[in-house]
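Heads up, model30.cif below (mmCIF, C-alpha atoms and all ligand atoms):
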```cif
data_input
#
loop_
_atom_site.label_atom_id
_atom_site.label_comp_id
_atom_site.auth_asym_id
_atom_site.auth_seq_id
_atom_site.Cartn_x
_atom_site.Cartn_y
_atom_site.Cartn_z
CA MET A 15 20.86 8.98 -18.27
CA TYR A 16 22.19 5.76 -16.87
CA THR A 17 21.10 2.13 -16.97
CA SER A 18 19.41 0.24 -14.14
CA ARG A 19 18.56 -3.41 -13.82
CA ALA A 20 14.85 -4.12 -13.37
CA TYR A 21 12.03 -6.64 -13.72
CA SER A 22 9.28 -5.74 -16.13
CA ALA A 23 6.17 -7.17 -17.73
CA ALA A 24 5.97 -6.94 -21.54
CA SER A 25 2.18 -7.43 -21.67
CA ALA A 26 -0.84 -8.21 -19.49
CA THR A 27 -0.26 -11.93 -19.93
CA ALA A 28 3.55 -12.11 -19.93
CA PRO A 29 5.44 -13.10 -16.76
CA LEU A 30 7.76 -10.50 -15.28
CA ALA A 31 11.35 -10.92 -16.48
CA GLY A 32 14.75 -9.29 -16.09
CA THR A 33 15.54 -6.25 -18.23
CA THR A 34 17.42 -2.95 -18.19
CA ILE A 35 15.81 0.49 -18.03
CA LYS A 36 16.98 4.09 -18.28
CA ARG A 37 17.02 6.36 -15.23
CA ARG A 38 17.67 10.09 -15.31
CA GLU A 39 20.84 11.61 -13.91
CA PRO A 40 19.91 13.38 -10.65
CA THR A 41 18.80 17.00 -11.19
CA PRO A 42 19.83 19.53 -8.48
CA GLN A 43 16.65 18.56 -6.51
CA ASP A 44 17.00 14.80 -6.94
CA VAL A 45 18.09 11.95 -4.73
CA GLN A 46 19.48 8.77 -6.26
CA ILE A 47 18.71 5.66 -4.22
CA GLU A 48 20.14 2.15 -4.37
CA ILE A 49 17.04 0.03 -3.78
CA LEU A 50 17.55 -2.60 -1.06
CA TYR A 51 13.99 -3.90 -0.62
CA CYS A 52 10.72 -3.44 -2.48
CA GLY A 53 7.38 -4.74 -1.19
CA ILE A 54 4.88 -6.41 -3.51
CA CYS A 55 1.49 -4.69 -3.43
CA HIS A 56 -1.65 -6.17 -4.95
CA SER A 57 -1.82 -2.93 -6.99
CA ASP A 58 1.35 -4.12 -8.76
CA LEU A 59 -0.53 -7.22 -9.88
CA HIS A 60 -3.69 -5.27 -10.87
CA THR A 61 -1.47 -2.98 -12.98
CA VAL A 62 0.75 -5.66 -14.55
CA ARG A 63 -2.35 -7.56 -15.65
CA ASP A 64 -4.07 -4.35 -16.82
CA GLU A 65 -7.05 -5.02 -14.55
CA TRP A 66 -7.60 -1.27 -14.06
CA ASN A 67 -7.68 -0.64 -17.80
CA ALA A 68 -10.91 1.40 -17.59
CA ILE A 69 -9.32 3.90 -15.17
CA MET A 70 -5.55 3.65 -15.64
CA PRO A 71 -4.55 1.58 -18.66
CA THR A 72 -1.14 -0.05 -18.33
CA VAL A 73 1.68 1.01 -20.62
CA TYR A 74 4.21 -1.76 -21.39
CA PRO A 75 6.89 -2.55 -20.55
CA CYS A 76 5.70 -2.05 -16.97
CA VAL A 77 8.11 -1.98 -14.02
CA PRO A 78 5.95 -2.01 -10.87
CA GLY A 79 6.93 -1.44 -7.23
CA HIS A 80 6.01 1.42 -4.88
CA GLU A 81 7.18 0.14 -1.52
CA ILE A 82 10.80 1.14 -1.84
CA VAL A 83 13.51 1.26 0.82
CA GLY A 84 17.16 1.87 0.04
CA ARG A 85 20.30 3.86 0.61
CA VAL A 86 21.10 7.25 -0.88
CA THR A 87 23.99 7.02 -3.36
CA ARG A 88 24.02 10.53 -4.85
CA VAL A 89 22.25 13.84 -4.26
CA GLY A 90 21.75 16.90 -6.47
CA SER A 91 23.48 20.17 -5.57
CA ALA A 92 20.32 21.75 -4.08
CA VAL A 93 19.29 18.76 -1.94
CA THR A 94 19.19 19.60 1.77
CA LYS A 95 17.33 16.70 3.42
CA PHE A 96 19.48 13.75 2.35
CA LYS A 97 23.13 12.86 1.91
CA PRO A 98 24.87 9.78 0.49
CA GLY A 99 24.63 6.86 2.90
CA ASP A 100 21.25 7.86 4.40
CA LEU A 101 18.38 5.38 4.46
CA ALA A 102 15.50 6.53 2.29
CA GLY A 103 12.02 5.43 1.25
CA VAL A 104 9.82 6.06 -1.76
CA GLY A 105 6.11 5.23 -1.87
CA CYS A 106 3.43 5.63 -4.51
CA LEU A 107 4.07 9.31 -5.31
CA VAL A 108 7.12 10.82 -7.00
CA ASP A 109 5.81 14.28 -7.90
CA SER A 110 2.81 16.66 -7.85
CA ASP A 111 2.14 20.23 -8.98
CA ARG A 112 2.91 21.55 -5.44
CA THR A 113 0.65 24.59 -5.94
CA CYS A 114 -2.93 23.29 -5.91
CA PRO A 115 -5.10 23.38 -2.75
CA ASN A 116 -4.53 19.64 -2.21
CA CYS A 117 -0.74 20.01 -2.29
CA LYS A 118 -0.93 23.03 0.02
CA GLU A 119 -2.83 20.87 2.52
CA GLY A 120 -0.31 18.05 2.25
CA LEU A 121 -2.73 15.90 0.26
CA GLU A 122 -0.54 15.40 -2.80
CA GLN A 123 -2.32 12.12 -3.55
CA PHE A 124 -5.35 14.15 -4.71
CA CYS A 125 -3.36 16.66 -6.80
CA PRO A 126 -4.51 16.71 -10.44
CA GLY A 127 -0.82 16.83 -11.40
CA MET A 128 0.38 14.00 -9.18
CA VAL A 129 2.83 11.52 -10.65
CA LEU A 130 2.68 7.93 -9.47
CA THR A 131 5.88 5.94 -9.07
CA TYR A 132 5.09 3.65 -11.99
CA ASN A 133 2.84 3.62 -15.06
CA PHE A 134 2.47 7.41 -15.07
CA PRO A 135 3.75 9.90 -17.69
CA ASP A 136 7.43 10.66 -17.01
CA SER A 137 8.14 14.34 -17.74
CA HIS A 138 11.91 13.79 -17.47
CA LEU A 139 12.54 10.90 -19.85
CA GLY A 140 9.24 10.55 -21.71
CA GLY A 141 7.29 7.30 -21.64
CA VAL A 142 6.07 6.20 -18.22
CA THR A 143 7.61 6.11 -14.77
CA TYR A 144 9.31 2.89 -13.68
CA GLY A 145 8.91 1.58 -10.13
CA GLY A 146 10.93 -0.21 -7.52
CA TYR A 147 11.46 -3.69 -8.99
CA SER A 148 14.83 -2.26 -9.88
CA ASP A 149 18.27 -1.68 -8.36
CA SER A 150 18.09 2.12 -8.41
CA ILE A 151 15.67 5.06 -8.65
CA VAL A 152 15.96 8.86 -8.87
CA VAL A 153 13.31 10.93 -7.08
CA ASP A 154 12.83 14.59 -6.12
CA GLU A 155 13.87 14.98 -2.48
CA ASN A 156 10.41 16.32 -1.55
CA PHE A 157 8.97 12.88 -2.31
CA VAL A 158 11.65 10.90 -0.48
CA LEU A 159 10.93 9.71 3.07
CA ARG A 160 13.21 9.17 6.05
CA ILE A 161 13.26 5.62 7.45
CA PRO A 162 13.68 5.33 11.24
CA ALA A 163 17.00 3.62 11.94
CA ASN A 164 15.55 1.04 14.34
CA LEU A 165 13.24 -0.58 11.76
CA ASP A 166 14.04 -3.80 9.91
CA LEU A 167 14.42 -2.69 6.29
CA ALA A 168 12.67 -5.62 4.60
CA GLY A 169 9.67 -5.07 6.89
CA ALA A 170 9.82 -1.28 6.55
CA ALA A 171 9.43 -1.28 2.75
CA PRO A 172 5.69 -2.18 2.82
CA LEU A 173 5.03 0.78 5.12
CA LEU A 174 5.45 3.03 2.06
CA CYS A 175 2.13 1.82 0.60
CA ALA A 176 0.37 -0.75 2.79
CA GLY A 177 1.36 1.26 5.86
CA ILE A 178 0.22 4.72 4.80
CA THR A 179 -2.90 3.42 3.02
CA THR A 180 -4.22 1.97 6.28
CA TYR A 181 -2.80 4.57 8.69
CA SER A 182 -4.32 7.54 6.81
CA PRO A 183 -8.01 6.54 6.97
CA LEU A 184 -7.69 5.36 10.58
CA ARG A 185 -6.38 8.83 11.49
CA HIS A 186 -8.89 10.63 9.27
CA TRP A 187 -11.80 8.86 10.98
CA GLY A 188 -10.41 9.59 14.44
CA ILE A 189 -9.70 6.04 15.55
CA SER A 190 -8.61 5.98 19.17
CA SER A 191 -9.20 3.97 22.33
CA GLY A 192 -12.81 3.04 22.91
CA LYS A 193 -13.60 2.70 19.19
CA LYS A 194 -14.62 -0.63 17.67
CA VAL A 195 -12.84 -1.13 14.36
CA GLY A 196 -13.25 -3.89 11.78
CA VAL A 197 -10.60 -4.82 9.24
CA VAL A 198 -11.83 -6.81 6.23
CA GLY A 199 -9.21 -9.02 4.55
CA LEU A 200 -5.97 -10.06 6.25
CA GLY A 201 -3.49 -9.42 3.46
CA GLY A 202 -0.75 -6.83 3.05
CA LEU A 203 -2.96 -3.84 3.78
CA GLY A 204 -5.21 -5.64 6.26
CA HIS A 205 -2.44 -6.83 8.56
CA MET A 206 -1.04 -3.27 8.71
CA GLY A 207 -4.55 -1.98 9.45
CA VAL A 208 -4.76 -4.39 12.39
CA LYS A 209 -1.38 -3.28 13.75
CA PHE A 210 -2.24 0.43 13.48
CA ALA A 211 -5.79 0.17 14.83
CA HIS A 212 -4.45 -1.84 17.79
CA ALA A 213 -1.61 0.66 18.38
CA LEU A 214 -4.15 3.53 18.31
CA GLY A 215 -6.03 1.77 21.13
CA ALA A 216 -9.10 0.51 19.27
CA ARG A 217 -10.89 -2.81 19.81
CA VAL A 218 -10.09 -4.64 16.57
CA VAL A 219 -12.13 -7.33 14.83
CA VAL A 220 -10.69 -9.03 11.73
CA PHE A 221 -13.01 -10.37 9.01
CA THR A 222 -11.33 -13.05 6.97
CA THR A 223 -12.23 -15.72 4.45
CA SER A 224 -9.20 -17.74 5.59
CA LEU A 225 -9.79 -19.74 8.76
CA SER A 226 -6.08 -20.56 8.81
CA LYS A 227 -5.23 -16.89 9.52
CA LYS A 228 -7.14 -16.80 12.82
CA ASP A 229 -4.19 -17.26 15.19
CA ASP A 230 -2.06 -14.83 13.22
CA ALA A 231 -4.79 -12.19 13.36
CA LEU A 232 -4.84 -12.41 17.16
CA ARG A 233 -1.03 -12.26 17.32
CA LEU A 234 -1.03 -9.19 15.05
CA GLY A 235 -3.31 -7.33 17.47
CA ALA A 236 -6.89 -8.36 16.76
CA ASP A 237 -9.20 -8.86 19.75
CA GLU A 238 -11.54 -11.08 17.78
CA VAL A 239 -11.64 -12.84 14.42
CA VAL A 240 -14.81 -13.43 12.40
CA LEU A 241 -15.03 -15.88 9.55
CA SER A 242 -16.91 -13.70 7.06
CA ARG A 243 -18.62 -16.67 5.39
CA ASP A 244 -20.32 -17.58 8.72
CA ALA A 245 -23.63 -15.65 8.78
CA ALA A 246 -24.20 -16.25 12.50
CA GLU A 247 -20.73 -14.95 13.42
CA MET A 248 -21.37 -11.87 11.29
CA GLN A 249 -24.85 -11.28 12.76
CA ALA A 250 -23.46 -11.29 16.30
CA HIS A 251 -21.73 -7.96 15.45
CA ALA A 252 -24.73 -6.24 13.78
CA GLY A 253 -24.93 -2.49 14.40
CA SER A 254 -21.81 -2.35 16.57
CA PHE A 255 -18.84 -0.92 14.63
CA ASP A 256 -17.67 2.69 14.64
CA PHE A 257 -15.50 2.09 11.60
CA ILE A 258 -14.64 -0.69 9.15
CA LEU A 259 -11.62 -0.67 6.86
CA ASP A 260 -12.22 -2.81 3.77
CA THR A 261 -8.98 -3.96 2.12
CA VAL A 262 -10.38 -6.67 -0.15
CA SER A 263 -8.87 -6.80 -3.64
CA ALA A 264 -11.70 -8.73 -5.35
CA ASN A 265 -15.46 -8.41 -5.67
CA HIS A 266 -17.39 -9.08 -2.45
CA ASP A 267 -20.61 -8.03 -0.75
CA ILE A 268 -19.99 -4.82 1.19
CA ASN A 269 -23.64 -4.70 2.35
CA ALA A 270 -22.81 -7.52 4.75
CA TYR A 271 -20.36 -5.10 6.44
CA ILE A 272 -22.51 -1.97 6.19
CA GLN A 273 -25.13 -3.61 8.41
CA LEU A 274 -22.47 -4.19 11.06
CA LEU A 275 -21.93 -0.41 11.46
CA ARG A 276 -23.62 1.44 14.31
CA ARG A 277 -25.49 4.73 13.74
CA ASP A 278 -23.19 7.18 11.87
CA GLY A 279 -20.62 4.46 11.40
CA ASN A 280 -18.38 4.50 8.34
CA ILE A 281 -16.90 1.85 6.09
CA THR A 282 -13.88 3.02 4.10
CA LEU A 283 -12.79 1.12 1.01
CA VAL A 284 -9.09 1.00 0.34
CA GLY A 285 -9.24 -2.22 -1.65
CA ALA A 286 -9.64 -1.52 -5.36
CA PRO A 287 -11.55 -4.33 -7.15
CA ASP A 288 -11.87 -3.65 -10.87
CA GLN A 289 -15.69 -4.02 -10.86
CA PRO A 290 -18.23 -1.69 -9.13
CA LEU A 291 -19.60 -2.90 -5.77
CA PRO A 292 -23.41 -2.62 -5.36
CA VAL A 293 -24.54 -0.72 -2.23
CA SER A 294 -27.98 -1.11 -0.67
CA ALA A 295 -29.50 2.33 -0.01
CA PHE A 296 -31.47 0.94 2.93
CA GLY A 297 -28.33 -0.28 4.65
CA LEU A 298 -27.04 3.28 4.66
CA LEU A 299 -30.08 5.44 5.30
CA PHE A 300 -31.62 3.70 8.31
CA ALA A 301 -28.63 4.45 10.51
CA ARG A 302 -27.09 7.38 8.60
CA ARG A 303 -24.13 5.17 7.77
CA SER A 304 -21.59 6.15 5.13
CA VAL A 305 -19.29 4.52 2.61
CA SER A 306 -15.99 6.24 1.76
CA GLY A 307 -12.78 5.63 -0.09
CA SER A 308 -9.22 6.53 0.73
CA LEU A 309 -6.11 6.76 -1.44
CA ILE A 310 -2.64 6.19 0.10
CA GLY A 311 -1.71 9.40 2.00
CA GLY A 312 0.24 12.63 1.53
CA ILE A 313 3.99 12.95 1.97
CA ALA A 314 3.87 14.64 5.40
CA GLU A 315 1.44 12.02 6.71
CA THR A 316 3.62 9.24 5.29
CA GLN A 317 6.55 10.62 7.28
CA GLU A 318 4.30 10.89 10.36
CA MET A 319 3.32 7.22 9.87
CA LEU A 320 6.98 6.14 9.51
CA ASP A 321 7.92 8.05 12.67
CA PHE A 322 4.95 6.44 14.47
CA CYS A 323 6.26 3.05 13.33
CA GLY A 324 9.73 3.97 14.59
CA ARG A 325 8.33 4.84 18.03
CA HIS A 326 6.10 1.76 18.25
CA ASN A 327 8.55 -0.55 16.45
CA ILE A 328 5.96 -1.45 13.82
CA THR A 329 6.93 -3.09 10.52
CA ALA A 330 5.13 -5.41 8.14
CA ASP A 331 5.38 -9.18 8.65
CA VAL A 332 7.26 -10.11 5.52
CA GLU A 333 8.33 -13.12 3.53
CA VAL A 334 11.56 -12.02 1.88
CA ILE A 335 11.99 -13.38 -1.64
CA PRO A 336 14.56 -13.07 -4.42
CA ILE A 337 13.17 -11.23 -7.44
CA GLN A 338 13.36 -14.45 -9.46
CA LYS A 339 10.33 -15.68 -7.42
CA ILE A 340 8.15 -12.72 -8.39
CA ASN A 341 5.76 -14.59 -10.69
CA GLU A 342 5.24 -17.33 -8.10
CA ALA A 343 4.59 -14.61 -5.50
CA TYR A 344 1.87 -13.08 -7.69
CA GLU A 345 0.12 -16.45 -7.99
CA ARG A 346 0.25 -16.89 -4.21
CA MET A 347 -1.12 -13.38 -3.70
CA LEU A 348 -4.13 -14.31 -5.85
CA LYS A 349 -4.76 -17.28 -3.54
CA SER A 350 -4.57 -15.04 -0.42
CA ASP A 351 -1.47 -17.03 0.51
CA VAL A 352 0.79 -14.23 1.76
CA LYS A 353 2.04 -13.84 5.33
CA TYR A 354 1.58 -10.96 5.11
CA ARG A 355 3.65 -9.11 2.54
CA PHE A 356 6.30 -10.23 0.09
CA SER A 357 9.41 -8.07 0.25
CA ILE A 358 11.93 -8.45 -2.57
CA ASP A 359 15.59 -8.57 -1.55
CA MET A 360 16.99 -6.49 -4.37
CA ALA A 361 20.49 -7.94 -3.91
CA SER A 362 19.04 -10.88 -5.89
CA LEU A 363 18.85 -8.64 -8.97
CA LYS A 364 22.64 -8.48 -9.04
CA ALA A 365 22.70 -12.23 -9.70
CA GLU A 366 20.82 -11.77 -13.00
P1 LIG B 401 -3.54 -8.77 -0.61
O1 LIG B 401 -2.31 -8.85 0.19
O2 LIG B 401 -3.72 -9.70 -1.75
O3 LIG B 401 -4.77 -8.88 0.42
C1 LIG B 401 -6.10 -8.88 0.02
C2 LIG B 401 -6.91 -9.75 0.99
O4 LIG B 401 -8.28 -9.64 0.64
C3 LIG B 401 -6.58 -11.22 0.94
O5 LIG B 401 -5.50 -11.59 1.71
C4 LIG B 401 -7.88 -11.84 1.45
O6 LIG B 401 -7.89 -11.80 2.88
C5 LIG B 401 -8.95 -10.88 0.96
N1 LIG B 401 -9.59 -11.37 -0.25
C6 LIG B 401 -9.00 -11.66 -1.44
N2 LIG B 401 -9.90 -12.09 -2.32
C7 LIG B 401 -11.10 -12.08 -1.69
C8 LIG B 401 -12.44 -12.39 -2.07
N3 LIG B 401 -12.73 -12.84 -3.31
N4 LIG B 401 -13.43 -12.22 -1.16
C9 LIG B 401 -13.14 -11.79 0.07
N5 LIG B 401 -11.90 -11.49 0.51
C10 LIG B 401 -10.90 -11.63 -0.37
O7 LIG B 401 -3.71 -7.31 -1.25
P2 LIG B 401 -3.20 -5.89 -0.70
O8 LIG B 401 -1.86 -5.60 -1.28
O9 LIG B 401 -3.44 -5.81 0.76
O10 LIG B 401 -4.20 -4.90 -1.48
C11 LIG B 401 -5.59 -4.97 -1.24
C12 LIG B 401 -6.33 -4.06 -2.20
O11 LIG B 401 -6.02 -2.70 -1.88
C13 LIG B 401 -5.93 -4.23 -3.67
O12 LIG B 401 -7.10 -4.10 -4.47
C14 LIG B 401 -4.99 -3.07 -3.92
O13 LIG B 401 -4.91 -2.67 -5.26
C15 LIG B 401 -5.64 -2.01 -3.06
N6 LIG B 401 -4.75 -0.89 -2.68
C16 LIG B 401 -5.34 0.31 -2.55
C17 LIG B 401 -4.59 1.40 -2.12
C18 LIG B 401 -5.25 2.73 -1.91
O14 LIG B 401 -4.56 3.73 -1.89
N7 LIG B 401 -6.55 2.76 -1.71
C19 LIG B 401 -3.23 1.23 -1.84
C20 LIG B 401 -2.68 -0.03 -1.96
C21 LIG B 401 -3.45 -1.10 -2.37
P3 LIG B 401 -8.43 -13.04 3.77
O15 LIG B 401 -7.58 -14.22 3.36
O16 LIG B 401 -8.21 -12.59 5.16
O17 LIG B 401 -9.88 -13.18 3.43
ZN ZN B 402 0.42 -0.34 -3.11
#
```

Let me see whether you can do it: turn the structure in this file into structure tokens.
Ligand code: NAP
Ligand code: ZN
Amino acid sequence: MYTSRAYSAASATAPLAGTTIKRREPTPQDVQIEILYCGICHSDLHTVRDEWNAIMPTVYPCVPGHEIVGRVTRVGSAVTKFKPGDLAGVGCLVDSDRTCPNCKEGLEQFCPGMVLTYNFPDSHLGGVTYGGYSDSIVVDENFVLRIPANLDLAGAAPLLCAGITTYSPLRHWGISSGKKVGVVGLGGLGHMGVKFAHALGARVVVFTTSLSKKDDALRLGADEVVLSRDAAEMQAHAGSFDFILDTVSANHDINAYIQLLRRDGNITLVGAPDQPLPVSAFGLLFARRSVSGSLIGGIAETQEMLDFCGRHNITADVEVIPIQKINEAYERMLKSDVKYRFSIDMASLKAE
């Protein structure tokens, strides 16, 4: 074991603060990474504040962070894919059982034995896993991703969650040129959804509650922006979408979006509000529409997404912050005041 610096929350109401945590020495299969940047996902905030208590109660102290980019510092004797000095990424998954049908299909995120990067039982050290708000992490090489060399590292970090979470459902639902795609909520996930849907050739419409984001949405790749509170603007799109990606983190009326789908259209929820969302049966059955969910993506697809980003030079639009601004960043995230992802410069942790 060795000691790492980190930021943790001591309870659902405590601010995040500097601390030290234990990390395991690399096993033969492990890669040790010096963390350079870690994105701030709204899931970090949901977890820190124990908002998902009914499904995944938070164990304290909690060290969040699953949008990790860094440099390999050490590798175990059996590691073949990485060597010291390589760039590396870690997303939401750090292990799985590797034998179940989901793992065999590259869908480790649905493995009953999957291990999330933070707030999940840690079979190596006991307690729970600790995430990327830290200067170092040790992860099995099979769950470590390669980062294309041409990508800006601060902007690449959010690809490890916001990127794959939006790329995966767009691919699953066959989004390509000629499709009309809606993206609800222009936050961390939403702005990546816009970039990917645009890069895949779709006609992209952004639904936002923030009028001030209109110009940005167009710059990010949207063809049109709808203010979701404007009933007439919404009605103009009734029955016209092939697919809608809903990234909203709080309760909202999804029936307003279901009626915008064409026959056989699908709305996929990636946003994870803590309360159930009512669905009108009539909105679905008259046009055989469907509502789905999607959870991050498997390891192979995450690498595919990163390579796609390398080819298309896609990264998140980030506001880089020192870790000392983390609590302020959470408050801004709650006000939808993020353009469009915070990325923590982990060098700031050395100043603690
Ligand atoms: P974020 O950056 O805070 O963005 C969420 C956006 O939703 C906001 O920017 C805002 O967009 C909109 N919004 C917020 N409150 C709203 C409200 N009351 N009504 C309508 N719209 C509202 O969050 P994020 O990091 O993108 O995460 C979004 C959600 O996805 C979170 O619940 C997170 O936990 C979840 N998530 C799920 C997965 C998965 O695997 N499924 C992975 C990562 C994250 P506008 O200002 O444009 O309206
Ligand atoms: Zn996330």

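Ranking A:Cys106, A:Ala216, A:Leu139, A:Val197 by their shortest atom-to-atom distance to Phe157 in chain A, with only C-alpha atoms included, puts A:Cys106 first.
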
* To one decimal in Å, tell me the separation between CA of Thr87 in chain A and CA of His138 in chain A. => 19.8 Å

How close does chain A get to ligand LIG 401 (chain B)? List, as JSON lines, each residue of chain A within 6 Å, its nearest atom pair and the distance in Å to one decimal, counting only C-alpha atoms and all ligand atoms.
```
{"residue": "A:Cys55", "atom": "CA", "partner": "B:LIG401", "partner_atom": "O8", "distance": 4.1}
{"residue": "A:His56", "atom": "CA", "partner": "B:LIG401", "partner_atom": "O8", "distance": 3.7}
{"residue": "A:Ser57", "atom": "CA", "partner": "B:LIG401", "partner_atom": "O13", "distance": 3.6}
{"residue": "A:Cys175", "atom": "CA", "partner": "B:LIG401", "partner_atom": "C20", "distance": 5.8}
{"residue": "A:Ala176", "atom": "CA", "partner": "B:LIG401", "partner_atom": "C20", "distance": 5.7}
{"residue": "A:Thr179", "atom": "CA", "partner": "B:LIG401", "partner_atom": "O14", "distance": 5.2}
{"residue": "A:Gly199", "atom": "CA", "partner": "B:LIG401", "partner_atom": "O6", "distance": 3.5}
{"residue": "A:Leu200", "atom": "CA", "partner": "B:LIG401", "partner_atom": "O16", "distance": 3.6}
{"residue": "A:Gly201", "atom": "CA", "partner": "B:LIG401", "partner_atom": "O3", "distance": 3.3}
{"residue": "A:Gly202", "atom": "CA", "partner": "B:LIG401", "partner_atom": "O9", "distance": 3.7}
{"residue": "A:Leu203", "atom": "CA", "partner": "B:LIG401", "partner_atom": "O9", "distance": 3.6}
{"residue": "A:Gly204", "atom": "CA", "partner": "B:LIG401", "partner_atom": "O9", "distance": 5.8}
{"residue": "A:Thr222", "atom": "CA", "partner": "B:LIG401", "partner_atom": "O16", "distance": 3.6}
{"residue": "A:Thr223", "atom": "CA", "partner": "B:LIG401", "partner_atom": "O17", "distance": 3.6}
{"residue": "A:Ser224", "atom": "CA", "partner": "B:LIG401", "partner_atom": "O15", "distance": 4.5}
{"residue": "A:Thr261", "atom": "CA", "partner": "B:LIG401", "partner_atom": "C11", "distance": 4.9}
{"residue": "A:Val262", "atom": "CA", "partner": "B:LIG401", "partner_atom": "O4", "distance": 3.7}
{"residue": "A:Ser263", "atom": "CA", "partner": "B:LIG401", "partner_atom": "O12", "distance": 3.3}
{"residue": "A:Ala264", "atom": "CA", "partner": "B:LIG401", "partner_atom": "N3", "distance": 4.7}
{"residue": "A:Asn265", "atom": "CA", "partner": "B:LIG401", "partner_atom": "N3", "distance": 5.7}
{"residue": "A:His266", "atom": "CA", "partner": "B:LIG401", "partner_atom": "N4", "distance": 5.2}
{"residue": "A:Val284", "atom": "CA", "partner": "B:LIG401", "partner_atom": "N7", "distance": 3.7}
{"residue": "A:Gly285", "atom": "CA", "partner": "B:LIG401", "partner_atom": "O11", "distance": 3.3}
{"residue": "A:Ala286", "atom": "CA", "partner": "B:LIG401", "partner_atom": "O12", "distance": 3.7}
{"residue": "A:Pro287", "atom": "CA", "partner": "B:LIG401", "partner_atom": "O12", "distance": 5.2}
{"residue": "A:Ser308", "atom": "CA", "partner": "B:LIG401", "partner_atom": "N7", "distance": 5.2}
{"residue": "A:Leu309", "atom": "CA", "partner": "B:LIG401", "partner_atom": "O14", "distance": 3.4}
{"residue": "A:Ile310", "atom": "CA", "partner": "B:LIG401", "partner_atom": "O14", "distance": 3.7}
{"residue": "A:Met347", "atom": "CA", "partner": "B:LIG401", "partner_atom": "O2", "distance": 4.9}
{"residue": "A:Ser350", "atom": "CA", "partner": "B:LIG401", "partner_atom": "O5", "distance": 4.2}
```

* Structure fact -> Across A:Leu167, A:Met248, A:Cys117, A:Ile258, the smallest distance to Trp187 in chain A, with all atoms listed in the file counted, is shown by A:Ile258

* **Near-Val108 in chain A list (8 Å; only C-alpha atoms; drop same-chain fewer than 5 positions) as a list in words** =>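 Within the cut-off, the hits are Met128, Val129, Leu130, Thr131, Val153, Asp154, Phe157 and Val158 of chain A.
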
Selected range 354-363 of chain A, written as an mmCIF file, in the first residue's frame, N, CA, C and O atoms:
```
data_model
loop_
_atom_site.group_PDB
_atom_site.id
_atom_site.type_symbol
_atom_site.label_atom_id
_atom_site.label_comp_id
_atom_site.auth_asym_id
_atom_site.auth_seq_id
_atom_site.Cartn_x
_atom_site.Cartn_y
_atom_site.Cartn_z
ATOM 1 N N TYR A 354 -18.423 23.410 -20.712
ATOM 2 C CA TYR A 354 -19.619 22.604 -20.504
ATOM 3 C C TYR A 354 -19.267 21.410 -19.618
ATOM 4 O O TYR A 354 -20.096 20.570 -19.371
ATOM 5 N N ARG A 355 -17.997 21.418 -19.159
ATOM 6 C CA ARG A 355 -17.553 20.440 -18.174
ATOM 7 C C ARG A 355 -16.425 21.060 -17.381
ATOM 8 O O ARG A 355 -15.534 21.701 -17.971
ATOM 9 N N PHE A 356 -16.456 20.883 -16.069
ATOM 10 C CA PHE A 356 -15.288 21.243 -15.267
ATOM 11 C C PHE A 356 -14.272 20.123 -15.369
ATOM 12 O O PHE A 356 -14.628 18.941 -15.305
ATOM 13 N N SER A 357 -13.004 20.503 -15.528
ATOM 14 C CA SER A 357 -11.920 19.523 -15.536
ATOM 15 C C SER A 357 -10.903 19.997 -14.498
ATOM 16 O O SER A 357 -10.414 21.127 -14.551
ATOM 17 N N ILE A 358 -10.628 19.132 -13.534
ATOM 18 C CA ILE A 358 -9.725 19.516 -12.438
ATOM 19 C C ILE A 358 -8.280 19.311 -12.872
ATOM 20 O O ILE A 358 -7.911 18.212 -13.316
ATOM 21 N N ASP A 359 -7.475 20.357 -12.756
ATOM 22 C CA ASP A 359 -6.036 20.248 -12.998
ATOM 23 C C ASP A 359 -5.417 19.684 -11.728
ATOM 24 O O ASP A 359 -5.315 20.374 -10.717
ATOM 25 N N MET A 360 -5.013 18.419 -11.783
ATOM 26 C CA MET A 360 -4.619 17.739 -10.553
ATOM 27 C C MET A 360 -3.273 18.218 -10.018
ATOM 28 O O MET A 360 -2.925 17.919 -8.868
ATOM 29 N N ALA A 361 -2.548 19.020 -10.812
ATOM 30 C CA ALA A 361 -1.316 19.616 -10.293
ATOM 31 C C ALA A 361 -1.639 20.472 -9.068
ATOM 32 O O ALA A 361 -0.806 20.642 -8.174
ATOM 33 N N SER A 362 -2.877 21.002 -9.017
ATOM 34 C CA SER A 362 -3.289 21.858 -7.892
ATOM 35 C C SER A 362 -3.304 21.092 -6.571
ATOM 36 O O SER A 362 -3.202 21.699 -5.502
ATOM 37 N N LEU A 363 -3.419 19.770 -6.644
ATOM 38 C CA LEU A 363 -3.453 18.968 -5.416
ATOM 39 C C LEU A 363 -2.091 18.961 -4.726
ATOM 40 O O LEU A 363 -2.001 18.805 -3.505
#
```
